[in-house]
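Here's target-v7.tsv, which has TSV, C-alpha atoms:
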```tsv
chain	number	residue	atom	x	y	z
A	1	MET	CA	1.79	11.96	21.66
A	2	ALA	CA	2.57	15.64	22.20
A	3	ASN	CA	1.00	18.16	19.88
A	4	ASP	CA	3.22	20.22	17.60
A	5	ILE	CA	0.97	23.24	18.02
A	6	THR	CA	-1.57	24.04	20.72
A	7	LEU	CA	-4.68	25.73	19.42
A	8	GLU	CA	-7.26	27.73	21.28
A	9	TRP	CA	-10.66	26.49	20.19
A	10	SER	CA	-13.87	28.44	20.58
A	11	LYS	CA	-16.84	27.21	22.55
A	12	LEU	CA	-19.38	25.17	20.65
A	13	THR	CA	-21.64	27.88	19.20
A	14	PRO	CA	-25.03	27.67	17.46
A	15	LEU	CA	-24.53	28.05	13.72
A	16	THR	CA	-26.85	30.97	13.01
A	17	THR	CA	-26.28	34.17	11.07
A	18	GLU	CA	-26.73	36.10	14.31
A	19	GLU	CA	-24.05	34.15	16.16
A	20	VAL	CA	-21.61	34.21	13.26
A	21	ASN	CA	-22.05	37.95	12.88
A	22	LYS	CA	-20.98	38.35	16.51
A	23	LEU	CA	-17.55	36.97	15.64
A	24	ASN	CA	-14.77	39.47	15.76
A	25	HIS	CA	-12.63	37.59	13.35
A	26	ASN	CA	-13.47	39.13	10.05
A	27	GLY	CA	-10.40	38.63	7.88
A	28	ILE	CA	-8.63	36.41	10.37
A	29	GLU	CA	-7.50	33.04	9.17
A	30	GLY	CA	-8.69	29.92	10.88
A	31	VAL	CA	-10.00	26.39	10.88
A	32	TYR	CA	-13.53	25.42	11.78
A	33	ARG	CA	-15.87	22.51	11.97
A	34	ILE	CA	-19.64	22.22	11.79
A	35	SER	CA	-21.60	19.64	13.73
A	36	LYS	CA	-25.21	18.55	13.75
A	37	LYS	CA	-27.30	17.59	16.75
A	38	GLU	CA	-28.41	13.99	16.51
A	39	ILE	CA	-31.21	12.13	18.23
A	40	ASP	CA	-29.02	11.39	21.27
A	41	GLY	CA	-28.64	15.12	21.89
A	42	LYS	CA	-24.96	15.18	20.99
A	43	PHE	CA	-23.34	17.18	18.22
A	44	TYR	CA	-21.42	15.16	15.64
A	45	VAL	CA	-19.02	16.79	13.19
A	46	ILE	CA	-20.35	16.74	9.63
A	47	PHE	CA	-18.07	19.26	7.92
A	48	VAL	CA	-14.57	20.64	8.46
A	49	GLY	CA	-13.00	23.59	6.76
A	50	SER	CA	-10.35	26.26	6.78
A	51	ALA	CA	-10.31	29.72	5.32
A	52	ILE	CA	-8.45	32.96	5.26
A	53	ASN	CA	-11.72	34.47	6.39
A	54	PHE	CA	-13.78	31.78	8.04
A	55	LYS	CA	-16.48	34.20	9.20
A	56	ASN	CA	-17.32	35.03	5.59
A	57	GLU	CA	-17.20	31.35	4.68
A	58	LEU	CA	-19.69	30.48	7.42
A	59	LEU	CA	-21.97	33.33	6.37
A	60	THR	CA	-21.77	32.13	2.77
A	61	LEU	CA	-22.72	28.63	3.89
A	62	LEU	CA	-25.64	29.99	5.89
A	63	ALA	CA	-26.86	32.09	2.97
A	64	GLY	CA	-26.59	29.26	0.46
A	65	GLU	CA	-29.72	28.06	-1.29
A	66	THR	CA	-28.52	24.50	-1.31
A	67	GLY	CA	-26.13	22.44	0.76
A	68	PHE	CA	-26.22	20.38	3.88
A	69	LEU	CA	-27.49	23.17	6.12
A	70	LYS	CA	-30.76	23.16	4.17
A	71	GLN	CA	-31.58	19.66	5.33
A	72	GLY	CA	-32.85	21.16	8.57
A	73	GLY	CA	-31.85	20.44	12.14
A	74	GLU	CA	-29.70	22.06	14.75
A	75	PHE	CA	-26.14	22.92	13.79
A	76	SER	CA	-23.18	24.20	15.80
A	77	PHE	CA	-19.67	25.23	14.95
A	78	ARG	CA	-16.39	25.85	16.63
A	79	TYR	CA	-13.24	27.40	15.30
A	80	ALA	CA	-9.62	28.13	16.08
A	81	PRO	CA	-7.60	31.00	14.64
A	82	VAL	CA	-4.60	29.73	12.65
A	83	LYS	CA	-2.20	31.72	10.51
A	84	GLY	CA	-0.70	30.24	7.38
A	85	GLU	CA	-2.40	28.19	4.68
A	86	ASP	CA	-0.02	25.24	5.10
A	87	LYS	CA	-0.87	24.92	8.78
A	88	ARG	CA	-4.58	25.40	8.17
A	89	LYS	CA	-4.68	22.69	5.55
A	90	ALA	CA	-2.71	20.30	7.76
A	91	ILE	CA	-5.14	20.88	10.63
A	92	GLU	CA	-8.13	20.55	8.32
A	93	LYS	CA	-6.71	17.21	7.20
A	94	GLN	CA	-6.23	16.09	10.79
A	95	MET	CA	-9.84	17.00	11.58
A	96	TYR	CA	-11.01	15.18	8.46
A	97	LYS	CA	-9.22	12.05	9.55
A	98	GLN	CA	-10.57	12.19	13.09
A	99	TYR	CA	-14.16	13.17	12.43
A	100	ALA	CA	-14.74	11.61	8.99
A	101	PRO	CA	-17.24	14.36	8.14
A	102	GLN	CA	-19.88	13.18	5.75
A	103	TYR	CA	-20.20	16.44	3.83
A	104	ASN	CA	-16.56	16.91	2.92
A	105	ALA	CA	-16.31	15.62	-0.63
A	106	LYS	CA	-12.67	14.62	-0.36
A	107	GLU	CA	-9.71	14.52	1.98
A	108	PRO	CA	-7.93	17.89	2.26
A	109	VAL	CA	-4.49	17.85	0.71
A	110	SER	CA	-1.52	18.83	2.84
A	111	SER	CA	2.13	17.89	2.72
A	112	LEU	CA	2.70	19.36	6.17
A	113	ASP	CA	2.53	16.82	8.96
A	114	ILE	CA	1.67	18.53	12.23
A	115	LYS	CA	-0.48	17.49	15.13
A	116	VAL	CA	-2.71	19.84	17.07
A	117	ASN	CA	-5.23	19.55	19.88
A	118	LEU	CA	-8.77	19.35	18.49
A	119	ASN	CA	-10.49	20.48	21.69
B	1	MET	CA	-2.14	-14.52	1.42
B	2	THR	CA	-5.47	-13.90	-0.22
B	3	LEU	CA	-9.05	-12.91	0.25
B	4	VAL	CA	-11.63	-14.54	-1.99
B	5	ILE	CA	-15.31	-13.74	-1.50
B	6	GLY	CA	-18.35	-15.40	-2.99
B	7	LEU	CA	-21.76	-13.81	-2.63
B	8	LYS	CA	-25.25	-14.82	-3.68
B	9	THR	CA	-27.45	-11.93	-4.71
B	10	LYS	CA	-31.11	-11.43	-5.56
B	11	ASP	CA	-30.39	-11.64	-9.27
B	12	GLY	CA	-27.07	-13.47	-9.59
B	13	VAL	CA	-23.78	-14.16	-7.90
B	14	VAL	CA	-20.52	-12.32	-7.29
B	15	ILE	CA	-17.02	-13.69	-6.93
B	16	ALA	CA	-14.20	-11.37	-5.94
B	17	SER	CA	-10.61	-11.45	-4.82
B	18	ASP	CA	-7.60	-9.31	-4.15
B	19	SER	CA	-4.62	-9.61	-6.50
B	20	ARG	CA	-1.65	-9.82	-4.14
B	21	ALA	CA	0.80	-12.68	-3.95
B	22	SER	CA	3.20	-12.15	-1.09
B	23	SER	CA	6.24	-13.87	0.28
B	24	GLU	CA	8.09	-12.95	3.44
B	25	ILE	CA	9.94	-10.14	1.71
B	26	THR	CA	8.27	-9.26	-1.56
B	27	SER	CA	4.81	-9.02	-3.01
B	28	ASN	CA	3.23	-8.85	-6.44
B	29	ASP	CA	-0.14	-7.18	-6.99
B	30	ASN	CA	-1.06	-8.59	-10.39
B	31	VAL	CA	-2.25	-12.07	-9.60
B	32	GLN	CA	-5.50	-13.50	-10.95
B	33	LYS	CA	-7.34	-15.56	-8.34
B	34	ILE	CA	-10.85	-15.85	-9.74
B	35	PHE	CA	-11.61	-17.77	-12.91
B	36	LYS	CA	-14.49	-18.65	-15.14
B	37	LEU	CA	-15.21	-22.37	-15.24
B	38	GLY	CA	-18.35	-22.68	-17.35
B	39	ASP	CA	-20.54	-19.77	-18.46
B	40	HIS	CA	-22.42	-19.98	-15.18
B	41	SER	CA	-19.81	-21.25	-12.76
B	42	ALA	CA	-16.58	-19.85	-11.36
B	43	ILE	CA	-13.76	-20.71	-9.01
B	44	GLY	CA	-11.64	-18.71	-6.62
B	45	ILE	CA	-8.30	-19.95	-5.32
B	46	SER	CA	-6.33	-19.30	-2.18
B	47	GLY	CA	-3.12	-20.79	-0.86
B	48	ASP	CA	-0.01	-21.83	-2.77
B	49	GLY	CA	-0.55	-19.72	-5.91
B	50	ARG	CA	1.79	-21.50	-8.32
B	51	LEU	CA	0.46	-24.87	-7.26
B	52	ALA	CA	-3.09	-23.54	-7.63
B	53	MET	CA	-2.48	-22.46	-11.23
B	54	TYR	CA	-1.02	-25.81	-12.18
B	55	PHE	CA	-3.81	-27.60	-10.36
B	56	LEU	CA	-6.44	-25.57	-12.22
B	57	ASP	CA	-4.81	-26.28	-15.57
B	58	GLN	CA	-4.92	-29.95	-14.68
B	59	ILE	CA	-8.52	-30.18	-13.55
B	60	LYS	CA	-10.35	-27.75	-15.88
B	61	PRO	CA	-10.31	-29.90	-19.03
B	62	ASN	CA	-11.78	-32.81	-17.08
B	63	LEU	CA	-14.78	-31.00	-15.63
B	64	ASN	CA	-18.29	-31.47	-16.93
B	65	HIS	CA	-20.11	-28.14	-16.43
B	66	GLY	CA	-23.55	-29.32	-17.46
B	67	THR	CA	-24.41	-31.23	-14.31
B	68	GLY	CA	-24.88	-28.38	-11.84
B	69	ILE	CA	-22.65	-26.82	-9.22
B	70	SER	CA	-23.12	-29.50	-6.55
B	71	ASP	CA	-21.94	-32.16	-8.97
B	72	LEU	CA	-19.12	-29.88	-10.08
B	73	ALA	CA	-18.00	-29.69	-6.43
B	74	GLU	CA	-18.00	-33.48	-6.30
B	75	GLN	CA	-15.99	-33.68	-9.52
B	76	VAL	CA	-13.41	-31.23	-8.14
B	77	ARG	CA	-13.23	-33.23	-4.91
B	78	LYS	CA	-12.50	-36.45	-6.74
B	79	ILE	CA	-9.95	-34.97	-9.12
B	80	GLY	CA	-8.40	-32.83	-6.38
B	81	LYS	CA	-7.96	-35.78	-4.06
B	82	GLU	CA	-6.51	-37.88	-6.85
B	83	LYS	CA	-4.08	-35.17	-7.97
B	84	PHE	CA	-2.92	-34.33	-4.48
B	85	ASN	CA	-2.44	-37.98	-3.62
B	86	ASP	CA	-0.33	-38.17	-6.72
B	87	PHE	CA	1.60	-34.92	-6.13
B	88	PHE	CA	2.17	-35.43	-2.41
B	89	GLU	CA	1.89	-39.13	-1.72
B	90	HIS	CA	4.81	-38.83	0.69
B	91	LEU	CA	2.83	-36.40	2.90
B	92	THR	CA	-0.37	-36.79	4.91
B	93	PRO	CA	-3.11	-34.31	3.82
B	94	ASP	CA	-2.56	-32.01	6.80
B	95	LYS	CA	1.17	-31.69	5.95
B	96	ARG	CA	0.62	-30.90	2.26
B	97	PRO	CA	0.73	-27.39	0.76
B	98	GLN	CA	-2.61	-25.76	1.40
B	99	LEU	CA	-4.92	-25.01	-1.46
B	100	SER	CA	-8.45	-23.73	-0.88
B	101	LEU	CA	-11.09	-23.42	-3.55
B	102	LEU	CA	-14.36	-21.54	-3.68
B	103	LEU	CA	-16.83	-22.83	-6.23
B	104	ILE	CA	-19.90	-20.81	-7.13
B	105	GLY	CA	-22.60	-21.52	-9.66
B	106	TYR	CA	-26.07	-22.90	-10.23
B	107	THR	CA	-27.72	-26.21	-9.46
B	108	LEU	CA	-29.78	-28.06	-12.01
B	109	ASP	CA	-32.90	-26.75	-10.28
B	110	HIS	CA	-31.74	-23.15	-10.82
B	111	LYS	CA	-30.44	-22.28	-7.35
B	112	ALA	CA	-27.21	-20.40	-6.77
B	113	GLU	CA	-24.87	-22.30	-4.46
B	114	MET	CA	-21.33	-22.07	-3.16
B	115	TYR	CA	-18.89	-24.70	-2.00
B	116	THR	CA	-15.54	-24.39	-0.30
B	117	LEU	CA	-12.97	-27.16	-0.63
B	118	CYS	CA	-9.59	-27.43	1.04
B	119	SER	CA	-6.64	-29.69	0.28
B	120	THR	CA	-5.96	-30.33	3.96
B	121	ASP	CA	-9.08	-32.47	4.27
B	122	ASN	CA	-8.99	-34.06	0.83
B	123	PHE	CA	-11.23	-31.43	-0.79
B	124	VAL	CA	-14.42	-32.41	1.00
B	125	PRO	CA	-16.99	-29.89	-0.33
B	126	ARG	CA	-18.63	-27.67	2.26
B	127	LYS	CA	-21.82	-26.03	1.14
B	128	GLY	CA	-22.31	-22.37	2.00
B	129	VAL	CA	-25.34	-21.63	4.13
B	130	THR	CA	-25.11	-17.90	4.80
B	131	GLY	CA	-25.25	-16.52	1.27
B	132	PHE	CA	-21.59	-15.55	1.35
B	133	GLU	CA	-18.26	-17.32	1.77
B	134	CYS	CA	-14.81	-15.91	2.46
B	135	MET	CA	-11.49	-17.70	2.05
B	136	GLY	CA	-7.90	-16.82	2.86
B	137	ILE	CA	-7.94	-13.91	5.33
B	138	PRO	CA	-11.68	-13.97	6.03
B	139	TYR	CA	-12.03	-12.23	9.40
B	140	PHE	CA	-12.72	-8.60	8.47
B	141	ALA	CA	-14.84	-9.54	5.46
B	142	GLU	CA	-16.91	-12.01	7.46
B	143	TYR	CA	-17.52	-9.40	10.12
B	144	LEU	CA	-18.62	-6.84	7.56
B	145	LEU	CA	-20.78	-9.27	5.63
B	146	ASN	CA	-22.41	-10.52	8.84
B	147	ARG	CA	-23.37	-6.92	9.53
B	148	LEU	CA	-24.23	-5.75	6.03
B	149	TYR	CA	-25.34	-8.64	3.85
B	150	GLU	CA	-28.99	-9.38	3.13
B	151	PRO	CA	-30.04	-12.03	0.58
B	152	ASP	CA	-32.05	-9.56	-1.48
B	153	ILE	CA	-29.03	-7.43	-2.32
B	154	LYS	CA	-28.76	-6.70	-6.04
B	155	THR	CA	-25.71	-7.95	-7.89
B	156	GLU	CA	-24.26	-4.50	-8.57
B	157	TYR	CA	-24.37	-3.67	-4.85
B	158	GLY	CA	-23.14	-7.13	-3.91
B	159	ALA	CA	-20.10	-6.41	-6.06
B	160	GLU	CA	-19.65	-3.10	-4.28
B	161	MET	CA	-19.94	-4.82	-0.90
B	162	CYS	CA	-17.19	-7.23	-1.92
B	163	VAL	CA	-14.97	-4.31	-2.90
B	164	LEU	CA	-15.62	-2.73	0.50
B	165	CYS	CA	-14.58	-5.99	2.22
B	166	LEU	CA	-11.42	-6.22	0.12
B	167	GLN	CA	-10.54	-2.59	0.80
B	168	GLU	CA	-11.08	-2.92	4.52
B	169	THR	CA	-9.09	-6.14	4.76
B	170	SER	CA	-6.33	-4.63	2.68
B	171	SER	CA	-6.12	-1.70	5.08
B	172	GLN	CA	-5.58	-4.08	8.01
B	173	HIS	CA	-3.64	-7.03	6.61
B	174	ARG	CA	-0.60	-6.64	4.37
B	175	GLY	CA	-1.18	-10.05	2.84
B	176	VAL	CA	-4.27	-8.76	1.05
B	177	GLY	CA	-3.93	-6.01	-1.53
B	178	GLY	CA	-3.62	-4.94	-5.12
B	179	GLU	CA	-6.55	-4.12	-7.33
B	180	PRO	CA	-9.76	-6.00	-6.53
B	181	HIS	CA	-10.95	-8.42	-9.19
B	182	VAL	CA	-14.71	-8.86	-9.27
B	183	ALA	CA	-16.87	-10.93	-11.59
B	184	THR	CA	-20.60	-11.50	-11.76
B	185	PHE	CA	-22.91	-13.88	-13.51
B	186	SER	CA	-26.36	-15.37	-13.23
B	187	GLU	CA	-28.27	-18.23	-14.72
B	188	THR	CA	-28.94	-16.12	-17.80
B	189	LYS	CA	-25.89	-13.83	-17.89
B	190	SER	CA	-22.45	-15.23	-18.54
B	191	PHE	CA	-19.41	-14.74	-16.34
B	192	GLN	CA	-18.21	-11.16	-16.74
B	193	GLU	CA	-15.34	-9.47	-14.95
B	194	ILE	CA	-16.11	-5.90	-13.87
B	195	SER	CA	-13.91	-3.28	-15.56
B	196	SER	CA	-11.15	-1.53	-13.65
B	197	SER	CA	-12.86	1.84	-14.14
B	198	GLU	CA	-16.02	0.50	-12.48
B	199	ILE	CA	-13.92	-1.02	-9.70
B	200	GLU	CA	-12.31	2.37	-9.18
B	201	LYS	CA	-15.74	3.96	-8.68
B	202	MET	CA	-16.66	1.22	-6.21
B	203	LYS	CA	-13.45	1.82	-4.30
B	204	LYS	CA	-14.30	5.51	-3.98
B	205	ARG	CA	-17.75	4.68	-2.66
B	206	ALA	CA	-16.22	2.12	-0.29
B	207	GLU	CA	-13.96	4.83	1.09
B	208	GLN	CA	-17.00	7.02	1.63
B	209	PHE	CA	-18.76	4.22	3.48
B	210	GLN	CA	-15.74	3.61	5.62
B	211	ILE	CA	-15.60	7.16	6.87
B	212	ASN	CA	-19.30	7.85	7.26
B	213	GLN	CA	-19.62	6.18	10.62
B	214	LYS	CA	-16.47	7.34	12.34
B	215	ASN	CA	-17.70	10.65	13.76
B	216	ARG	CA	-20.05	8.73	16.08
B	217	PHE	CA	-17.05	8.06	18.29
B	218	TYR	CA	-16.05	11.72	18.49
B	219	PRO	CA	-19.03	13.84	19.51
B	220	GLU	CA	-18.31	17.47	20.23
B	221	ASP	CA	-17.58	18.23	23.89
B	222	PRO	CA	-20.01	21.02	24.85
B	223	ASN	CA	-17.76	22.05	27.76
B	224	SER	CA	-14.49	22.55	25.90
B	225	GLY	CA	-13.27	25.71	24.25
B	226	VAL	CA	-12.91	29.38	25.20
B	227	LEU	CA	-15.10	32.39	24.46
B	228	SER	CA	-12.62	34.36	22.38
B	229	PRO	CA	-9.81	32.16	21.11
B	230	THR	CA	-6.58	33.74	19.98
B	231	ILE	CA	-3.66	32.57	17.92
```
Now that the file is in, can you turn its structure into structure tokens?
Amino acid sequence: MANDITLEWSKLTPLTTEEVNKLNHNGIEGVYRISKKEIDGKFYVIFVGSAINFKNELLTLLAGETGFLKQGGEFSFRYAPVKGEDKRKAIEKQMYKQYAPQYNAKEPVSSLDIKVNLN
Amino acid sequence: MTLVIGLKTKDGVVIASDSRASSEITSNDNVQKIFKLGDHSAIGISGDGRLAMYFLDQIKPNLNHGTGISDLAEQVRKIGKEKFNDFFEHLTPDKRPQLSLLLIGYTLDHKAEMYTLCSTDNFVPRKGVTGFECMGIPYFAEYLLNRLYEPDIKTEYGAEMCVLCLQETSSQHRGVGGEPHVATFSETKSFQEISSSEIEKMKKRAEQFQINQKNRFYPEDPNSGVLSPTI
């Protein structure tokens, strides 16, 4: 099935304050997902999100005293710039459905039905 | 169609079912399919629902609950065969409307047991050997229980496992649906149906279980993506 929108996704990037600070997307809207390296050496998505400023959101997650990042391990993230909350939420929902991330408390709500490439 | 599940646990038993009655065109999601027999025995029904209700009304007053579940199965067999021979004497058993029963309860020597009985073979009781039994649309539930069930599961988690099986089957087969009905009892605790608010919590946890494993099929591709993506 053809995608309604084609996104440009970033490379898989280590989720560290240093790497996130390198991002030149301060204030730019986007969707992102965080994955954790498992015993087989592969990264599996454990959290998906969207924000009007995803760089700040990632930095907030990294600075948090609690949360899934504190469990230890190797984390990565990738993101795609997306304008418009409706689109972001729809893409977040699509990612949620595909990756079934264990640290998203509930399914994102979106009335918009669009399909995008997730890689 | 229907899904009825019986499960033996470390400290009791669970009986559960969906609540959908469906015809070719319509469906109703408010049908009771599990029933208390004695304080420590229960029955689940699958098949021709209206016939099942009449059949239950007919046999319940004639059952002696004090002789253990294996004897209860024998009593149901005898009465069931007699009633069906009466109702459908013009049809051979394999041509008669199908009615399946799941009996669960305790033996006189304090063991939980389950029996399945089906009208198509004159209600010959079949004793469960795996610790769980599924009737109606059993395939998804049997798969899940084969993977997940261990005999030392506690009753509260056994109930939750049944809800998971009902949810998963409901998501794949339109003949199974409606609110799950789940009841538990033991040798010392009487038959008690779990409240709808508790069922709702179990459904939420079942949804969580369902999604936890899926990301294993979609690992991140380390080679995809660009250095500086743009809109």
Taking all atoms listed in the file into account, which of B:Leu227, B:Ala16, B:Ile69, B:Ile5 comes nearest B:Phe140?
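Checking each of B:Leu227, B:Ala16, B:Ile69, B:Ile5 against B:Phe140, counting all atoms listed in the file, the winner is B:Ile5.
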Using all atoms listed in the file, which protein or nucleic acid residues come within 8 Å of B:Gln167? Drop anything in the same chain fewer than 6 positions from it, and give the result as number ranges by chain.
B: 177, 203, 206
If you measure from atom CA of B:Ala52 to atom CA of B:Val124, what distance in Å do you get, rounded to one decimal?
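Those two atoms sit 16.8 Å apart.
Of note, atom CA of A:Thr17 and atom CA of A:Leu69 are spaced 12.1 Å apart.
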Identify every residue of chain A that has at least one atom within 9 Å of any atom of chain B, counting only C-alpha atoms, and report the result as a list of chain:residue names.
A:Leu7, A:Glu8, A:Trp9, A:Ser10, A:Lys11, A:Leu12, A:Leu23, A:Asn24, A:Ser35, A:Lys42, A:Phe43, A:Tyr44, A:Val45, A:Ile46, A:Arg78, A:Tyr79, A:Ala80, A:Pro81, A:Val82, A:Lys83, A:Lys97, A:Gln98, A:Tyr99, A:Ala100, A:Pro101, A:Gln102, A:Ala105, A:Lys106, A:Asn119
Between B:Ile79, B:Val129, B:Cys165, B:Met1, single out the one closest to B:Gly47, counting all atoms listed in the file.
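Of B:Ile79, B:Val129, B:Cys165, B:Met1, the one nearest B:Gly47 is B:Met1, counting all atoms listed in the file.
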Taking all atoms of stretch 148-163 of chain B that appear in the file, build a box with edges along x, y and z, extend it by 5 Å on every side, and state its centre and edge lengths in Å to one decimal, as AutoDock Vina command-line options.
```
--center_x -23.5 --center_y -7.6 --center_z -1.3 --size_x 27.1 --size_y 18.9 --size_z 24.6
```
Please list as JSON, numbers by chain every residue within 10 Å of stretch 49-66 of chain A, counting all atoms listed in the file and excluding residues in the same chain fewer than 6 positions away.
{"A": [15, 16, 17, 18, 20, 21, 22, 23, 24, 25, 26, 27, 28, 29, 30, 31, 32, 33, 34, 77, 79, 80, 81, 82, 83, 84, 85, 87, 88, 89, 90, 91, 92, 93, 95, 96, 104, 108]}
B:Lys10: which residues within 10 Å, counting all atoms listed in the file, same-chain residues fewer than 5 positions away excluded, as JSON, numbers by chain?
{"B": [112, 150, 151, 152, 153, 154, 155, 158, 186]}
Would you output that residue set with C-alpha atoms, as a PDB file, in the frame of the given file?
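Written file, out.pdb:
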```
ATOM      1  CA  ALA B 112     -27.210 -20.400  -6.770  1.00  0.00           C
ATOM      2  CA  GLU B 150     -28.990  -9.380   3.130  1.00  0.00           C
ATOM      3  CA  PRO B 151     -30.040 -12.030   0.580  1.00  0.00           C
ATOM      4  CA  ASP B 152     -32.050  -9.560  -1.480  1.00  0.00           C
ATOM      5  CA  ILE B 153     -29.030  -7.430  -2.320  1.00  0.00           C
ATOM      6  CA  LYS B 154     -28.760  -6.700  -6.040  1.00  0.00           C
ATOM      7  CA  THR B 155     -25.710  -7.950  -7.890  1.00  0.00           C
ATOM      8  CA  GLY B 158     -23.140  -7.130  -3.910  1.00  0.00           C
ATOM      9  CA  SER B 186     -26.360 -15.370 -13.230  1.00  0.00           C
TER      10      SER B 186
END
```
Hey, what's within 10 Å of B:Leu108 if we count all atoms listed in the file and toss same-chain stuff fewer than 5 positions away? As JSON, numbers by chain, please?
{"B": [66, 67, 68, 69, 70, 71]}
Based on the selection just made, write C-alpha atoms of those residues as a JSON list (two decimals), keeping the file's coordinate frame.
```
[["chain", "number", "residue", "atom", "x", "y", "z"],
["B", 66, "GLY", "CA", -23.55, -29.32, -17.46],
["B", 67, "THR", "CA", -24.41, -31.23, -14.31],
["B", 68, "GLY", "CA", -24.88, -28.38, -11.84],
["B", 69, "ILE", "CA", -22.65, -26.82, -9.22],
["B", 70, "SER", "CA", -23.12, -29.50, -6.55],
["B", 71, "ASP", "CA", -21.94, -32.16, -8.97]]
```
Residues within 8 Å of stretch 96-102 of chain B, all atoms listed in the file, excluding chain neighbours under 3 positions, as a PyMOL selection string:
chain B and resi 4+6+43-48+51-52+88+91-93+114-120+133+135-136
